[in-house]
>>> print(open('structure_4.cif').read())   # mmCIF, C-alpha atoms and all ligand atoms
data_entry
#
loop_
_atom_site.label_atom_id
_atom_site.label_comp_id
_atom_site.auth_asym_id
_atom_site.auth_seq_id
_atom_site.Cartn_x
_atom_site.Cartn_y
_atom_site.Cartn_z
CA MET A 1 -21.06 -11.29 4.79
CA PRO A 2 -22.97 -13.81 6.91
CA ALA A 3 -26.74 -13.25 6.92
CA GLU A 4 -26.83 -13.36 10.75
CA VAL A 5 -24.67 -10.22 10.83
CA PHE A 6 -25.67 -8.44 7.63
CA GLY A 7 -29.38 -9.29 7.54
CA PRO A 8 -32.31 -7.02 6.68
CA GLN A 9 -31.84 -5.01 9.90
CA TYR A 10 -28.23 -4.12 9.13
CA ALA A 11 -27.68 -0.38 8.73
CA PHE A 12 -25.51 0.11 5.65
CA LEU A 13 -23.56 3.34 5.24
CA PRO A 14 -25.23 6.48 3.89
CA LYS A 15 -23.95 7.45 0.46
CA SER A 16 -22.27 10.61 1.81
CA GLU A 17 -19.81 8.39 3.70
CA LEU A 18 -18.64 6.68 0.53
CA LEU A 19 -16.03 8.20 -1.74
CA SER A 20 -17.65 9.65 -4.84
CA PHE A 21 -16.41 8.41 -8.22
CA GLU A 22 -14.49 11.66 -8.62
CA GLU A 23 -12.80 11.16 -5.24
CA ILE A 24 -11.90 7.56 -6.11
CA GLU A 25 -10.43 8.73 -9.41
CA ARG A 26 -8.39 11.40 -7.66
CA VAL A 27 -6.92 8.95 -5.19
CA ALA A 28 -6.26 6.48 -8.00
CA ARG A 29 -4.35 9.15 -9.92
CA VAL A 30 -2.18 9.77 -6.87
CA PHE A 31 -1.51 6.03 -6.56
CA VAL A 32 -0.57 5.87 -10.23
CA ARG A 33 1.84 8.76 -9.67
CA GLY A 34 3.38 6.55 -6.97
CA GLY A 35 3.88 3.69 -9.45
CA VAL A 36 0.63 1.72 -9.38
CA ARG A 37 -0.19 0.26 -12.81
CA LYS A 38 -2.98 -2.16 -12.03
CA LEU A 39 -6.36 -1.34 -10.49
CA ARG A 40 -8.88 -3.88 -9.25
CA LEU A 41 -12.48 -3.13 -8.26
CA THR A 42 -13.70 -5.50 -5.60
CA GLY A 43 -15.72 -5.43 -2.41
CA GLY A 44 -18.26 -6.31 -1.03
CA GLU A 45 -19.91 -6.76 -4.35
CA PRO A 46 -18.73 -4.10 -6.81
CA LEU A 47 -21.61 -4.65 -9.24
CA LEU A 48 -23.98 -3.35 -6.56
CA ARG A 49 -22.46 0.11 -6.82
CA ARG A 50 -24.84 2.18 -8.91
CA ASP A 51 -23.45 3.43 -12.27
CA LEU A 52 -20.25 1.39 -11.91
CA PRO A 53 -19.42 1.68 -15.65
CA GLU A 54 -18.98 5.43 -15.09
CA LEU A 55 -16.25 4.72 -12.55
CA VAL A 56 -14.54 2.31 -14.93
CA ALA A 57 -14.57 4.97 -17.64
CA LEU A 58 -13.02 7.52 -15.26
CA LEU A 59 -10.28 5.08 -14.22
CA ARG A 60 -9.69 4.12 -17.85
CA GLY A 61 -8.92 7.77 -18.50
CA ILE A 62 -5.92 7.74 -16.16
CA GLU A 63 -2.72 7.65 -18.14
CA ASP A 64 -0.28 4.83 -17.28
CA VAL A 65 -2.93 2.42 -15.95
CA ASP A 66 -2.11 -0.84 -17.74
CA ASP A 67 -4.87 -3.01 -16.35
CA ILE A 68 -8.29 -2.65 -14.73
CA ALA A 69 -9.85 -5.80 -13.32
CA LEU A 70 -12.91 -6.56 -11.24
CA THR A 71 -13.77 -9.37 -8.82
CA THR A 72 -17.44 -10.25 -8.60
CA ASN A 73 -19.89 -12.91 -7.52
CA GLY A 74 -21.13 -12.73 -11.12
CA LEU A 75 -24.84 -12.41 -10.35
CA LEU A 76 -25.35 -9.06 -12.06
CA LEU A 77 -23.08 -9.69 -15.03
CA PRO A 78 -25.94 -10.44 -17.44
CA SER A 79 -26.99 -6.79 -17.32
CA LEU A 80 -23.63 -5.17 -16.57
CA ALA A 81 -21.01 -7.05 -18.61
CA ALA A 82 -21.63 -5.15 -21.85
CA PRO A 83 -21.70 -1.63 -20.32
CA LEU A 84 -18.58 -2.43 -18.28
CA ARG A 85 -16.76 -3.63 -21.40
CA GLU A 86 -17.84 -0.50 -23.29
CA ALA A 87 -16.55 1.61 -20.41
CA GLY A 88 -13.11 0.01 -20.81
CA LEU A 89 -13.03 -2.95 -18.45
CA ALA A 90 -10.87 -5.73 -19.89
CA ARG A 91 -11.50 -8.67 -17.61
CA VAL A 92 -13.37 -10.02 -14.64
CA THR A 93 -12.66 -12.61 -11.98
CA VAL A 94 -15.83 -14.48 -11.04
CA SER A 95 -16.09 -16.34 -7.73
CA LEU A 96 -17.61 -19.79 -7.95
CA ASP A 97 -17.04 -22.33 -5.19
CA ALA A 98 -19.13 -25.29 -6.39
CA LEU A 99 -21.34 -26.52 -9.22
CA ASP A 100 -23.57 -28.61 -7.02
CA PRO A 101 -26.63 -26.45 -6.24
CA GLU A 102 -26.88 -27.58 -2.65
CA VAL A 103 -23.20 -27.08 -1.85
CA PHE A 104 -23.05 -23.74 -3.63
CA GLY A 105 -26.31 -22.56 -2.08
CA ARG A 106 -24.95 -23.35 1.37
CA MET A 107 -21.61 -21.64 0.72
CA ASN A 108 -23.13 -18.45 -0.67
CA GLY A 109 -25.56 -18.43 2.23
CA LEU A 110 -28.54 -17.40 0.11
CA GLY A 111 -29.33 -20.56 -1.81
CA VAL A 112 -28.26 -18.90 -5.07
CA HIS A 113 -28.15 -21.51 -7.85
CA PRO A 114 -24.77 -21.91 -9.64
CA GLU A 115 -26.56 -21.73 -13.00
CA ARG A 116 -27.03 -18.02 -12.36
CA ILE A 117 -23.28 -17.54 -12.02
CA LEU A 118 -22.63 -19.60 -15.15
CA ARG A 119 -25.04 -17.28 -16.98
CA GLY A 120 -23.05 -14.32 -15.68
CA ILE A 121 -19.83 -15.90 -16.97
CA GLU A 122 -21.40 -16.42 -20.41
CA ALA A 123 -22.55 -12.82 -20.46
CA ALA A 124 -19.01 -11.67 -19.68
CA LEU A 125 -17.58 -13.81 -22.49
CA ASP A 126 -20.23 -12.56 -24.93
CA ALA A 127 -19.33 -8.99 -24.02
CA GLY A 128 -15.68 -9.69 -24.85
CA LEU A 129 -14.37 -9.69 -21.28
CA GLY A 130 -11.60 -12.04 -20.19
CA VAL A 131 -12.84 -14.31 -17.38
CA LYS A 132 -10.91 -16.01 -14.58
CA ILE A 133 -12.58 -18.09 -11.89
CA ASN A 134 -11.82 -17.91 -8.14
CA THR A 135 -12.70 -20.96 -6.05
CA VAL A 136 -12.18 -20.83 -2.29
CA VAL A 137 -11.47 -24.32 -0.98
CA GLN A 138 -12.91 -25.12 2.43
CA ARG A 139 -12.57 -28.51 4.04
CA GLY A 140 -15.87 -30.16 4.79
CA ALA A 141 -17.60 -27.75 2.40
CA ASN A 142 -16.45 -28.19 -1.21
CA GLU A 143 -13.43 -30.52 -1.63
CA GLN A 144 -15.56 -32.94 -3.64
CA GLU A 145 -16.55 -30.06 -5.94
CA LEU A 146 -13.07 -29.14 -7.10
CA ARG A 147 -12.62 -31.76 -9.76
CA PRO A 148 -16.05 -31.28 -11.40
CA LEU A 149 -15.48 -27.52 -11.36
CA TRP A 150 -12.05 -27.83 -12.95
CA GLU A 151 -13.28 -30.27 -15.58
CA ALA A 152 -16.22 -28.05 -16.50
CA LEU A 153 -14.26 -24.81 -16.69
CA ARG A 154 -10.66 -25.66 -17.66
CA ASP A 155 -11.14 -25.49 -21.44
CA ARG A 156 -12.20 -21.86 -21.37
CA HIS A 157 -10.92 -20.38 -18.13
CA VAL A 158 -8.02 -20.14 -15.76
CA VAL A 159 -9.33 -21.43 -12.43
CA ARG A 160 -7.63 -20.25 -9.25
CA PHE A 161 -8.05 -22.28 -6.09
CA ILE A 162 -7.67 -20.22 -2.92
CA GLU A 163 -6.88 -21.55 0.53
CA PHE A 164 -9.64 -20.62 2.98
CA MET A 165 -8.30 -17.65 4.97
CA ASP A 166 -9.00 -16.13 8.39
CA VAL A 167 -10.18 -12.83 6.93
CA GLY A 168 -12.30 -10.49 9.03
CA ASN A 169 -13.93 -11.56 12.28
CA HIS A 170 -17.03 -13.46 11.23
CA ASN A 171 -16.08 -16.52 9.21
CA GLY A 172 -15.27 -18.73 12.22
CA TRP A 173 -11.99 -19.79 10.61
CA ASP A 174 -10.13 -22.79 11.87
CA MET A 175 -6.93 -24.29 10.44
CA THR A 176 -8.69 -27.65 10.12
CA GLU A 177 -10.85 -26.08 7.39
CA VAL A 178 -7.83 -25.21 5.25
CA VAL A 179 -7.08 -27.62 2.42
CA PRO A 180 -3.39 -27.06 1.60
CA SER A 181 -2.84 -26.25 -2.08
CA ARG A 182 -0.63 -29.29 -2.62
CA GLU A 183 -3.64 -31.42 -1.64
CA VAL A 184 -5.80 -29.51 -4.12
CA LEU A 185 -3.59 -30.75 -6.97
CA ASP A 186 -4.25 -34.33 -5.82
CA LEU A 187 -7.98 -33.70 -5.51
CA LEU A 188 -7.94 -32.49 -9.12
CA GLY A 189 -6.40 -35.76 -10.24
CA GLY A 190 -2.71 -34.85 -10.36
CA GLY A 191 -0.48 -34.61 -13.44
CA PHE A 192 0.22 -30.86 -13.19
CA GLU A 193 3.45 -29.05 -13.88
CA ALA A 194 4.49 -25.77 -12.27
CA THR A 195 5.09 -22.84 -14.64
CA ASN A 196 6.88 -19.56 -14.02
CA ALA A 197 5.24 -16.54 -12.44
CA ASN A 198 4.09 -13.87 -14.92
CA TYR A 199 5.46 -11.11 -12.75
CA LYS A 200 7.09 -10.57 -9.35
CA GLY A 201 4.48 -10.49 -6.62
CA GLU A 202 1.95 -12.62 -8.53
CA VAL A 203 -0.20 -14.17 -5.81
CA ALA A 204 -1.14 -17.37 -7.65
CA ALA A 205 1.41 -20.11 -8.28
CA ARG A 206 0.63 -21.27 -11.82
CA TYR A 207 0.36 -24.84 -13.03
CA ARG A 208 -0.56 -26.52 -16.33
CA ASP A 209 -2.01 -29.92 -17.05
CA ALA A 210 -0.72 -32.14 -19.87
CA GLN A 211 -3.02 -30.32 -22.35
CA GLY A 212 -1.59 -26.95 -21.32
CA ARG A 213 -4.68 -25.80 -19.41
CA GLU A 214 -3.77 -23.42 -16.65
CA LEU A 215 -4.77 -23.27 -13.01
CA GLY A 216 -3.55 -21.12 -10.15
CA LEU A 217 -3.06 -21.93 -6.49
CA ILE A 218 -3.27 -19.13 -3.93
CA SER A 219 -1.67 -20.50 -0.79
CA SER A 220 -1.65 -17.59 1.60
CA VAL A 221 -1.99 -19.88 4.63
CA THR A 222 0.50 -22.67 3.86
CA ALA A 223 2.93 -20.61 1.73
CA PRO A 224 2.54 -16.92 2.62
CA PHE A 225 3.83 -14.36 0.13
CA CYS A 226 3.89 -11.23 2.33
CA GLY A 227 7.44 -10.35 1.24
CA ASP A 228 6.32 -9.97 -2.38
CA CYS A 229 2.95 -8.37 -1.70
CA SER A 230 2.53 -5.03 -3.47
CA ARG A 231 -1.19 -4.51 -2.94
CA ALA A 232 -2.69 -1.41 -1.43
CA ARG A 233 -6.40 -1.48 -0.62
CA LEU A 234 -8.72 1.53 -0.58
CA SER A 235 -12.10 1.02 1.07
CA ALA A 236 -15.32 2.58 -0.17
CA GLN A 237 -15.00 5.05 2.73
CA GLY A 238 -11.54 6.11 1.67
CA MET A 239 -9.43 4.19 4.19
CA LEU A 240 -6.11 2.92 2.91
CA TYR A 241 -5.09 -0.54 4.14
CA THR A 242 -1.71 -2.07 3.46
CA CYS A 243 -2.74 -5.63 4.30
CA LEU A 244 -5.78 -7.84 3.77
CA PHE A 245 -5.56 -8.70 7.46
CA ALA A 246 -5.05 -5.14 8.71
CA SER A 247 -6.55 -3.96 11.99
CA ASP A 248 -6.52 -0.31 10.98
CA GLY A 249 -5.79 1.97 8.08
CA THR A 250 -5.16 5.57 7.03
CA ASP A 251 -8.00 7.98 6.40
CA PHE A 252 -7.70 9.54 2.93
CA ARG A 253 -11.28 10.77 2.84
CA SER A 254 -10.78 13.34 5.62
CA LEU A 255 -7.77 14.77 3.84
CA LEU A 256 -9.62 14.87 0.51
CA ARG A 257 -12.64 16.56 2.02
CA ALA A 258 -10.51 19.07 3.92
CA GLY A 259 -9.35 20.35 0.52
CA ALA A 260 -5.87 18.77 0.44
CA ASP A 261 -4.04 19.02 -2.88
CA ASP A 262 -2.59 16.06 -4.76
CA ASP A 263 0.89 16.66 -3.33
CA ALA A 264 -0.44 16.29 0.21
CA LEU A 265 -2.22 13.06 -0.74
CA PHE A 266 0.93 11.79 -2.40
CA THR A 267 3.04 12.61 0.66
CA LEU A 268 0.65 10.69 2.93
CA LEU A 269 0.62 7.72 0.55
CA SER A 270 4.43 7.69 0.37
CA GLU A 271 4.74 7.81 4.14
CA VAL A 272 2.29 4.98 4.71
CA TRP A 273 3.68 2.81 1.94
CA SER A 274 7.34 3.21 2.83
CA GLY A 275 6.56 2.56 6.50
CA ARG A 276 4.51 -0.59 6.06
CA LYS A 277 5.61 -3.68 7.93
CA ASP A 278 2.63 -6.00 7.48
CA ARG A 279 3.38 -9.70 7.32
CA TYR A 280 0.32 -11.17 8.97
CA SER A 281 0.20 -14.35 6.90
CA GLU A 282 3.74 -15.15 7.97
CA GLU A 283 2.98 -14.53 11.64
CA ARG A 284 -0.61 -15.69 12.00
CA PHE A 285 0.26 -18.64 14.19
CA GLU A 286 2.43 -16.48 16.49
CA VAL A 287 0.35 -13.33 16.92
CA GLY A 288 -2.89 -15.06 17.89
CA ALA A 289 -6.35 -13.62 17.41
CA ARG A 290 -6.69 -9.92 16.70
CA ARG A 291 -9.51 -7.70 15.49
CA LYS A 292 -9.36 -7.29 11.71
CA ILE A 293 -11.05 -5.14 9.11
CA GLU A 294 -13.82 -7.14 7.43
CA MET A 295 -12.96 -8.58 4.03
CA SER A 296 -16.20 -7.14 2.69
CA HIS A 297 -14.64 -3.66 3.22
CA ILE A 298 -11.41 -4.30 1.39
CA GLY A 299 -11.88 -7.13 -1.08
CA GLY A 300 -9.91 -10.31 -1.67
C1 LIG B 401 -14.26 -10.80 -0.79
S1 LIG B 401 -14.72 -11.23 -2.43
C2 LIG B 401 -15.27 -9.66 -3.03
C3 LIG B 401 -15.71 -9.63 -4.46
C4 LIG B 401 -17.04 -10.29 -4.81
N1 LIG B 401 -18.12 -10.01 -3.93
C5 LIG B 401 -16.90 -11.79 -5.02
O1 LIG B 401 -17.74 -12.53 -4.52
O2 LIG B 401 -15.97 -12.20 -5.72
C6 LIG B 401 -13.18 -11.45 -3.23
C7 LIG B 401 -12.66 -12.86 -3.27
O3 LIG B 401 -12.33 -13.30 -1.98
C8 LIG B 401 -12.69 -14.66 -1.86
N2 LIG B 401 -12.87 -15.00 -0.44
C9 LIG B 401 -13.91 -14.69 0.36
N3 LIG B 401 -13.74 -15.19 1.58
C10 LIG B 401 -12.54 -15.84 1.58
C11 LIG B 401 -11.80 -16.57 2.56
N4 LIG B 401 -12.24 -16.72 3.79
N5 LIG B 401 -10.62 -17.11 2.19
C12 LIG B 401 -10.17 -16.96 0.94
N6 LIG B 401 -10.80 -16.27 -0.03
C13 LIG B 401 -11.98 -15.73 0.29
C14 LIG B 401 -13.97 -14.72 -2.64
O4 LIG B 401 -14.30 -16.03 -3.00
C15 LIG B 401 -13.65 -13.86 -3.83
O5 LIG B 401 -13.09 -14.60 -4.87
#
>>> encode(input="structure_4.cif", output="structure tokens", more="lines below")
Ligand SMILES: C[S@@+](CC[C@H](N)C(=O)[O-])C[C@H]1O[C@@H](n2cnc3c(N)ncnc32)[C@H](O)[C@@H]1O
Amino acid sequence: MPAEVFGPQYAFLPKSELLSFEEIERVARVFVRGGVRKLRLTGGEPLLRRDLPELVALLRGIEDVDDIALTTNGLLLPSLAAPLREAGLARVTVSLDALDPEVFGRMNGLGVHPERILRGIEAALDAGLGVKINTVVQRGANEQELRPLWEALRDRHVVRFIEFMDVGNHNGWDMTEVVPSREVLDLLGGGFEATNANYKGEVAARYRDAQGRELGLISSVTAPFCGDCSRARLSAQGMLYTCLFASDGTDFRSLLRAGADDDALFTLLSEVWSGRKDRYSEERFEVGARRKIEMSHIGG
């Protein structure tokens, strides 16, 4: 969310436009009826949503949900990790792109010091949450940071290195800024061995070093995985998107607020899901530029 676009003058949505926790829970129940077993809270920054632990507790109450995860910039974890854990959250993914204060400050756009994120990670561990780290790799921005990051974090965390993607319309993406994952392994010093995926559709290819420490590579630019993608994304306004690079979605909020019953929601979900054809990452170099939903609306 670049400061030039989302600065102090930016008009954020009124609360009435956002799904209430009860509405999110209802939609989640319908998704679970359709076979969803894993829920992830992301954003935007999910920890900015007031009373978030209440939402986690509601989602925890849905039978058949095996896993609830959350992706965060980690800044508010010192105050929220314990209540989130108590509400039933099992694990968090914390984004951290560099340990050097200048590099990290530039990448987060606000000059936030990495020490604050490390404190958030500690708070999550103290609260009993599992912690994974997401590092987006951007050429000319943080290649030199990868090895220090890996060396500092590898004993306690799985680190996942993500190829810089052309999400949304504001990040000025250019292929020259993408560091292919195979190069990331070299930048980390080499000596890694590929291991098997945990489950079909897992987005990260997993590797271990000689000591068995695990890292993940998410290569959605150089090795797209559209064919295995099973993610559905629900925005805070209740739009369903079937692709991270979608141009439009399906409005669940209108149906909910018009009094539709769960069967009607389920029918709409089934129609959208069975009709999806998204494969943007496989076609990005053929389709050319198109308007996309911002990543801050639908998470990573
Ligand atoms: C969009 S963020 C939302 C959650 C939260 N605010 C955070 O910072 O983690 C989700 C993930 O997407 C990653 N991400 C953001 N921009 C990206 C890009 N252009 N390419 C690849 N990953 C990106 C972030 O680093 C983060 O790990």
>>> residues_around(input="structure_4.cif", residues="range 58-74 of chain A", least_positions_apart="2", cutoff="8 Å", atoms="only C-alpha atoms", output="number ranges by chain")
A: 21-22, 25, 28-29, 32, 36-43, 45-47, 54-56, 76-77, 87-96, 117, 120-121
>>> residues_near_ligand(input="structure_4.cif", ligand="ligand LIG 401 (chain B)", cutoff="10 Å", atoms="all atoms listed in the file", output="PyMOL selection string")
chain A and resi 1+41-48+70-75+92-97+107-108+133-138+160-168+170-173+178+218-221+294-300
>>> atom_distance(input="structure_4.cif", atom1="CA of Glu4 in chain A", atom2="CA of Ser281 in chain A")
27.3 Å
>>> closest_residue(input="structure_4.cif", among="A:Ala204, A:Ala232, A:Leu19, A:Val131", to="Leu153 in chain A", atoms="only C-alpha atoms")
A:Val131
>>> residues_around(input="structure_4.cif", residues="range 256-259 of chain A", least_positions_apart="4", cutoff="8 Å", atoms="all atoms listed in the file", output="ChimeraX atom specification")
/A:23,252,265
>>> atom_distance(input="structure_4.cif", atom1="CA of Glu286 in chain A", atom2="CA of Ala141 in chain A")
27.0 Å
>>> closest_residue(input="structure_4.cif", among="A:Glu17, A:Asp261, A:Glu282, A:Glu193", to="Ala236 in chain A", atoms="only C-alpha atoms")
A:Glu17
>>> closest_residue(input="structure_4.cif", among="A:Gly238, A:Ser230, A:Thr250, A:Thr267", to="Arg279 in chain A", atoms="all atoms listed in the file")
A:Ser230
>>> axis_aligned_box(input="structure_4.cif", around="range 139-158 of chain A", padding_each_side="4 Å", output="AutoDock Vina command-line options")
--center_x -12.8 --center_y -26.5 --center_z -8.3 --size_x 17.6 --size_y 20.8 --size_z 34.2
>>> residues_around(input="structure_4.cif", residues="Asp209 in chain A", least_positions_apart="4", cutoff="7 Å", atoms="all atoms listed in the file", output="list in words")
Gly191, Phe192, Glu193, Arg213 and Glu214 of chain A
>>> atom_distance(input="structure_4.cif", atom1="CA of Asp51 in chain A", atom2="CA of Pro78 in chain A")
15.0 Å
>>> closest_residue(input="structure_4.cif", among="A:Lys15, A:Arg147, A:Lys292, A:Arg233", to="Ala98 in chain A", atoms="only C-alpha atoms")
A:Arg147
>>> residues_near_point(input="structure_4.cif", point="(-10.1, -30.9, -18.4)", cutoff="12 Å", atoms="only C-alpha atoms", output="list in words")
Leu146, Arg147, Pro148, Leu149, Trp150, Glu151, Ala152, Leu153, Arg154, Asp155, Arg156, His157, Val158, Val159, Leu188, Gly189, Gly190, Gly191, Phe192, Arg208, Asp209, Ala210, Gln211, Gly212, Arg213, Glu214 and Leu215 of chain A
>>> write_last_selection(input="structure_4.cif", atoms="C-alpha atoms", output="mmCIF file, in the coordinates of the input")
data_model
loop_
_atom_site.group_PDB
_atom_site.id
_atom_site.type_symbol
_atom_site.label_atom_id
_atom_site.label_comp_id
_atom_site.auth_asym_id
_atom_site.auth_seq_id
_atom_site.Cartn_x
_atom_site.Cartn_y
_atom_site.Cartn_z
ATOM 1 C CA LEU A 146 -13.070 -29.140 -7.100
ATOM 2 C CA ARG A 147 -12.620 -31.760 -9.760
ATOM 3 C CA PRO A 148 -16.050 -31.280 -11.400
ATOM 4 C CA LEU A 149 -15.480 -27.520 -11.360
ATOM 5 C CA TRP A 150 -12.050 -27.830 -12.950
ATOM 6 C CA GLU A 151 -13.280 -30.270 -15.580
ATOM 7 C CA ALA A 152 -16.220 -28.050 -16.500
ATOM 8 C CA LEU A 153 -14.260 -24.810 -16.690
ATOM 9 C CA ARG A 154 -10.660 -25.660 -17.660
ATOM 10 C CA ASP A 155 -11.140 -25.490 -21.440
ATOM 11 C CA ARG A 156 -12.200 -21.860 -21.370
ATOM 12 C CA HIS A 157 -10.920 -20.380 -18.130
ATOM 13 C CA VAL A 158 -8.020 -20.140 -15.760
ATOM 14 C CA VAL A 159 -9.330 -21.430 -12.430
ATOM 15 C CA LEU A 188 -7.940 -32.490 -9.120
ATOM 16 C CA GLY A 189 -6.400 -35.760 -10.240
ATOM 17 C CA GLY A 190 -2.710 -34.850 -10.360
ATOM 18 C CA GLY A 191 -0.480 -34.610 -13.440
ATOM 19 C CA PHE A 192 0.220 -30.860 -13.190
ATOM 20 C CA ARG A 208 -0.560 -26.520 -16.330
ATOM 21 C CA ASP A 209 -2.010 -29.920 -17.050
ATOM 22 C CA ALA A 210 -0.720 -32.140 -19.870
ATOM 23 C CA GLN A 211 -3.020 -30.320 -22.350
ATOM 24 C CA GLY A 212 -1.590 -26.950 -21.320
ATOM 25 C CA ARG A 213 -4.680 -25.800 -19.410
ATOM 26 C CA GLU A 214 -3.770 -23.420 -16.650
ATOM 27 C CA LEU A 215 -4.770 -23.270 -13.010
#
>>> residues_near_point(input="structure_4.cif", point="(-31.1, -15.7, 2.2)", cutoff="10 Å", atoms="only C-alpha atoms", output="list of chain:residue names")
A:Pro2, A:Ala3, A:Glu4, A:Gly7, A:Pro8, A:Gly105, A:Arg106, A:Asn108, A:Gly109, A:Leu110, A:Gly111, A:Val112
>>> build_atoms(input="structure_4.cif", residues="range 105-126 of chain A", atoms="N, CA and C atoms", output="PDB file, in the frame of the given file")
ATOM      1  N   GLY A 105     -25.283 -23.319  -2.796  1.00  0.00           N
ATOM      2  CA  GLY A 105     -26.310 -22.560  -2.080  1.00  0.00           C
ATOM      3  C   GLY A 105     -25.935 -22.375  -0.621  1.00  0.00           C
ATOM      4  N   ARG A 106     -25.355 -23.431  -0.037  1.00  0.00           N
ATOM      5  CA  ARG A 106     -24.950 -23.350   1.370  1.00  0.00           C
ATOM      6  C   ARG A 106     -23.759 -22.388   1.511  1.00  0.00           C
ATOM      7  N   MET A 107     -22.805 -22.487   0.589  1.00  0.00           N
ATOM      8  CA  MET A 107     -21.610 -21.640   0.720  1.00  0.00           C
ATOM      9  C   MET A 107     -21.916 -20.170   0.475  1.00  0.00           C
ATOM     10  N   ASN A 108     -22.840 -19.888  -0.461  1.00  0.00           N
ATOM     11  CA  ASN A 108     -23.130 -18.450  -0.670  1.00  0.00           C
ATOM     12  C   ASN A 108     -24.138 -17.928   0.348  1.00  0.00           C
ATOM     13  N   GLY A 109     -24.725 -18.846   1.106  1.00  0.00           N
ATOM     14  CA  GLY A 109     -25.560 -18.430   2.230  1.00  0.00           C
ATOM     15  C   GLY A 109     -26.959 -17.982   1.850  1.00  0.00           C
ATOM     16  N   LEU A 110     -27.232 -17.913   0.551  1.00  0.00           N
ATOM     17  CA  LEU A 110     -28.540 -17.400   0.110  1.00  0.00           C
ATOM     18  C   LEU A 110     -29.277 -18.387  -0.764  1.00  0.00           C
ATOM     19  N   GLY A 111     -28.680 -19.575  -0.934  1.00  0.00           N
ATOM     20  CA  GLY A 111     -29.330 -20.560  -1.810  1.00  0.00           C
ATOM     21  C   GLY A 111     -29.271 -20.176  -3.280  1.00  0.00           C
ATOM     22  N   VAL A 112     -28.360 -19.278  -3.650  1.00  0.00           N
ATOM     23  CA  VAL A 112     -28.260 -18.900  -5.070  1.00  0.00           C
ATOM     24  C   VAL A 112     -27.793 -20.100  -5.890  1.00  0.00           C
ATOM     25  N   HIS A 113     -28.454 -20.352  -6.996  1.00  0.00           N
ATOM     26  CA  HIS A 113     -28.150 -21.510  -7.850  1.00  0.00           C
ATOM     27  C   HIS A 113     -26.909 -21.208  -8.719  1.00  0.00           C
ATOM     28  N   PRO A 114     -25.994 -22.171  -8.848  1.00  0.00           N
ATOM     29  CA  PRO A 114     -24.770 -21.910  -9.640  1.00  0.00           C
ATOM     30  C   PRO A 114     -25.055 -21.576 -11.098  1.00  0.00           C
ATOM     31  N   GLU A 115     -26.204 -22.033 -11.601  1.00  0.00           N
ATOM     32  CA  GLU A 115     -26.560 -21.730 -13.000  1.00  0.00           C
ATOM     33  C   GLU A 115     -26.581 -20.214 -13.231  1.00  0.00           C
ATOM     34  N   ARG A 116     -26.965 -19.485 -12.204  1.00  0.00           N
ATOM     35  CA  ARG A 116     -27.030 -18.020 -12.360  1.00  0.00           C
ATOM     36  C   ARG A 116     -25.631 -17.425 -12.536  1.00  0.00           C
ATOM     37  N   ILE A 117     -24.655 -18.033 -11.876  1.00  0.00           N
ATOM     38  CA  ILE A 117     -23.280 -17.540 -12.020  1.00  0.00           C
ATOM     39  C   ILE A 117     -22.739 -17.935 -13.394  1.00  0.00           C
ATOM     40  N   LEU A 118     -23.084 -19.157 -13.814  1.00  0.00           N
ATOM     41  CA  LEU A 118     -22.630 -19.600 -15.150  1.00  0.00           C
ATOM     42  C   LEU A 118     -23.211 -18.686 -16.225  1.00  0.00           C
ATOM     43  N   ARG A 119     -24.449 -18.229 -16.017  1.00  0.00           N
ATOM     44  CA  ARG A 119     -25.040 -17.280 -16.980  1.00  0.00           C
ATOM     45  C   ARG A 119     -24.270 -15.958 -16.974  1.00  0.00           C
ATOM     46  N   GLY A 120     -23.849 -15.553 -15.787  1.00  0.00           N
ATOM     47  CA  GLY A 120     -23.050 -14.320 -15.680  1.00  0.00           C
ATOM     48  C   GLY A 120     -21.724 -14.469 -16.425  1.00  0.00           C
ATOM     49  N   ILE A 121     -21.115 -15.643 -16.291  1.00  0.00           N
ATOM     50  CA  ILE A 121     -19.830 -15.900 -16.970  1.00  0.00           C
ATOM     51  C   ILE A 121     -20.027 -15.843 -18.489  1.00  0.00           C
ATOM     52  N   GLU A 122     -21.110 -16.452 -18.966  1.00  0.00           N
ATOM     53  CA  GLU A 122     -21.400 -16.420 -20.410  1.00  0.00           C
ATOM     54  C   GLU A 122     -21.591 -14.990 -20.887  1.00  0.00           C
ATOM     55  N   ALA A 123     -22.305 -14.217 -20.075  1.00  0.00           N
ATOM     56  CA  ALA A 123     -22.550 -12.820 -20.460  1.00  0.00           C
ATOM     57  C   ALA A 123     -21.227 -12.061 -20.563  1.00  0.00           C
ATOM     58  N   ALA A 124     -20.311 -12.348 -19.647  1.00  0.00           N
ATOM     59  CA  ALA A 124     -19.010 -11.670 -19.680  1.00  0.00           C
ATOM     60  C   ALA A 124     -18.248 -12.063 -20.946  1.00  0.00           C
ATOM     61  N   LEU A 125     -18.267 -13.346 -21.273  1.00  0.00           N
ATOM     62  CA  LEU A 125     -17.580 -13.810 -22.490  1.00  0.00           C
ATOM     63  C   LEU A 125     -18.205 -13.173 -23.728  1.00  0.00           C
ATOM     64  N   ASP A 126     -19.541 -13.151 -23.774  1.00  0.00           N
ATOM     65  CA  ASP A 126     -20.230 -12.560 -24.930  1.00  0.00           C
ATOM     66  C   ASP A 126     -19.878 -11.081 -25.094  1.00  0.00           C
TER      67      ASP A 126
END
